[in-house]
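Asks: Provided herewith is a single structure, encoded as structure tokens, for subsequent inquiry.
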Amino acid sequence: MRKLSQLISVVLHPIFVPLAAVIIFFYKLPIYFDSSVIYSKIVATLIVSVLLPLVFLYFFKTLKLISSFELPTSKERRLPLLFFMMLDLVIINYIFELYNYQYLFYFFWSLLLASMVVFIALFFRFKISLHSLGMSSLLTFLIILSFNFQLNFIYSIAFLVMCLGLVSSSRLILKAHVPSEVIVGVVLGVITQLTIPIFKYYKM
């Protein structure tokens, strides 16, 4: 069970959530974009949100700033999370501008807001689960798209609900978090993503 939980934690790692959201946006919505634009945006997201974090985590480990890639302590999570927030700002400012990519623009702003809360919580030795936060953010994002575009994503939503349950259970089995940290991660992911319709309709 432990090995299966480790596999689930890797496959459903929060580092893949931004890329998954971008793929959902381009391939599940009835909005036309040139194929070259789609390709360039996906590749850019892959580089900034997946490859660069992996490179820097390896760099941090080499310098012994972290003991493992799982970032087991609150103190070890601070510097990587700060770096990830900087990368999020790069995506917001240079990859998905508001005019053409409104939903993704607000999605990444919501992730940044959630990351700030997680970062602050670390100083109180409370490790909010990034796995549950990431998956609940992606799930809420898909539900918002389904509602706003009047599209039936029921199977995709059900799949993400299952993924959320699996990854949350896996984090508890691995004792990476206590239940409250997983629950707060889920709630935080939902609440911050709900800023998408708030920003969209009220232009806050």
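Labels for the structure tokens follow display order: chains A, B, ..., residues from 1 in each chain, ligands from 1.
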List every residue of stretch 100-186 of chain A that has an atom at most 12 Å from any atom of stretch 52-71 of chain A, giving for each one its closest atom pair and the distance in Å to one decimal, counting only C-alpha atoms, sorted by chain and then by ascending residue number, as a Markdown table.

Replies:
| residue | atom | partner | partner_atom | distance |
| --- | --- | --- | --- | --- |
| A:Leu122 | CA | A:Leu71 | CA | 11.9 |
| A:Lys127 | CA | A:Leu71 | CA | 10.1 |
| A:Ser129 | CA | A:Leu71 | CA | 11.4 |
| A:Leu130 | CA | A:Glu70 | CA | 10.9 |
| A:His131 | CA | A:Glu70 | CA | 11.2 |
| A:Arg171 | CA | A:Glu70 | CA | 11.1 |
| A:Leu174 | CA | A:Glu70 | CA | 11.1 |
| A:Lys175 | CA | A:Glu70 | CA | 11.8 |
| A:Ala176 | CA | A:Glu70 | CA | 8.7 |
| A:His177 | CA | A:Glu70 | CA | 11.6 |

Asks: Find the residues around A:Ser110 up to 10 Å (only C-alpha atoms counted), leave out those fewer than 6 positions away in its own chain, and share them as a JSON list (two decimals) with C-alpha atoms, in the first residue's frame.

Replies:
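Saved the output as part-v3.json:
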[["chain", "number", "residue", "atom", "x", "y", "z"],
["A", 104, "LEU", "CA", -5.73, 30.83, -17.27],
["A", 116, "MET", "CA", 1.03, 32.72, -0.33],
["A", 137, "SER", "CA", -7.66, 23.69, -7.65],
["A", 141, "PHE", "CA", -11.11, 25.14, -12.42],
["A", 188, "LEU", "CA", -7.93, 26.38, 0.06],
["A", 189, "GLY", "CA", -7.76, 25.08, -3.51],
["A", 190, "VAL", "CA", -11.53, 25.46, -3.93],
["A", 191, "ILE", "CA", -11.80, 28.89, -2.30],
["A", 192, "THR", "CA", -8.90, 30.48, -4.18],
["A", 193, "GLN", "CA", -10.10, 29.15, -7.54],
["A", 194, "LEU", "CA", -13.51, 30.69, -6.90],
["A", 195, "THR", "CA", -11.78, 34.03, -7.34],
["A", 196, "ILE", "CA", -11.96, 33.30, -11.09]]

Asks: Set the distance at 8 Å and use only C-alpha atoms: which residues neighbour A:Ile92 once local chain neighbours fewer than 6 positions away are removed? I'd like the list as a PyMOL selection string.

Replies: chain A and resi 105+108-109

Asks: Restricting the output to N, CA and C atoms, write the selected residues as an mmCIF file, in the first residue's frame.

Replies:
data_model
loop_
_atom_site.group_PDB
_atom_site.id
_atom_site.type_symbol
_atom_site.label_atom_id
_atom_site.label_comp_id
_atom_site.auth_asym_id
_atom_site.auth_seq_id
_atom_site.Cartn_x
_atom_site.Cartn_y
_atom_site.Cartn_z
ATOM 1 N N PHE A 105 -5.214 33.152 -16.851
ATOM 2 C CA PHE A 105 -4.635 34.273 -16.105
ATOM 3 C C PHE A 105 -5.115 34.246 -14.655
ATOM 4 N N PHE A 108 -3.875 31.071 -12.597
ATOM 5 C CA PHE A 108 -2.526 31.179 -12.035
ATOM 6 C C PHE A 108 -2.456 32.224 -10.919
ATOM 7 N N TRP A 109 -3.280 33.264 -11.012
ATOM 8 C CA TRP A 109 -3.346 34.205 -9.901
ATOM 9 C C TRP A 109 -3.906 33.523 -8.656
#

Asks: Pull the closest atom pair for each residue of stretch 36-121 of chain A that gets at most 10 Å from stretch 2-21 of chain A, along with the distance in Å to one decimal, counting only C-alpha atoms, ordering rows by chain and then ascending residue number, as CSV.

Replies:
residue,atom,partner,partner_atom,distance
A:Lys41,CA,A:Leu19,CA,9.7
A:Ile42,CA,A:Leu19,CA,7.0
A:Val43,CA,A:Leu19,CA,9.0
A:Ala44,CA,A:Leu19,CA,9.5
A:Thr45,CA,A:Leu19,CA,6.0
A:Leu46,CA,A:Leu19,CA,6.2
A:Ile47,CA,A:Leu19,CA,9.6
A:Val48,CA,A:Leu19,CA,9.6
A:Ser49,CA,A:Ile15,CA,6.7
A:Val50,CA,A:Ile15,CA,5.9
A:Leu51,CA,A:Ile15,CA,9.3
A:Pro53,CA,A:Ile15,CA,8.0
A:Leu54,CA,A:Ile15,CA,8.9
A:Glu70,CA,A:Val10,CA,9.9
A:Phe84,CA,A:Ile15,CA,9.4
A:Asp88,CA,A:Pro18,CA,9.3
A:Ile91,CA,A:Pro18,CA,9.8
A:Tyr103,CA,A:Ala21,CA,9.9
A:Leu104,CA,A:Ala21,CA,7.7
A:Phe107,CA,A:Ala21,CA,8.3
A:Phe108,CA,A:Pro18,CA,7.7
A:Leu111,CA,A:Pro18,CA,8.8

Asks: As an exercise, work out the distance from atom CA of A:Met85 to atom CA of A:Leu145 in Å and give it to one decimal place.

Replies: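 Between atom CA of A:Met85 and atom CA of A:Leu145 the gap is 24.0 Å.
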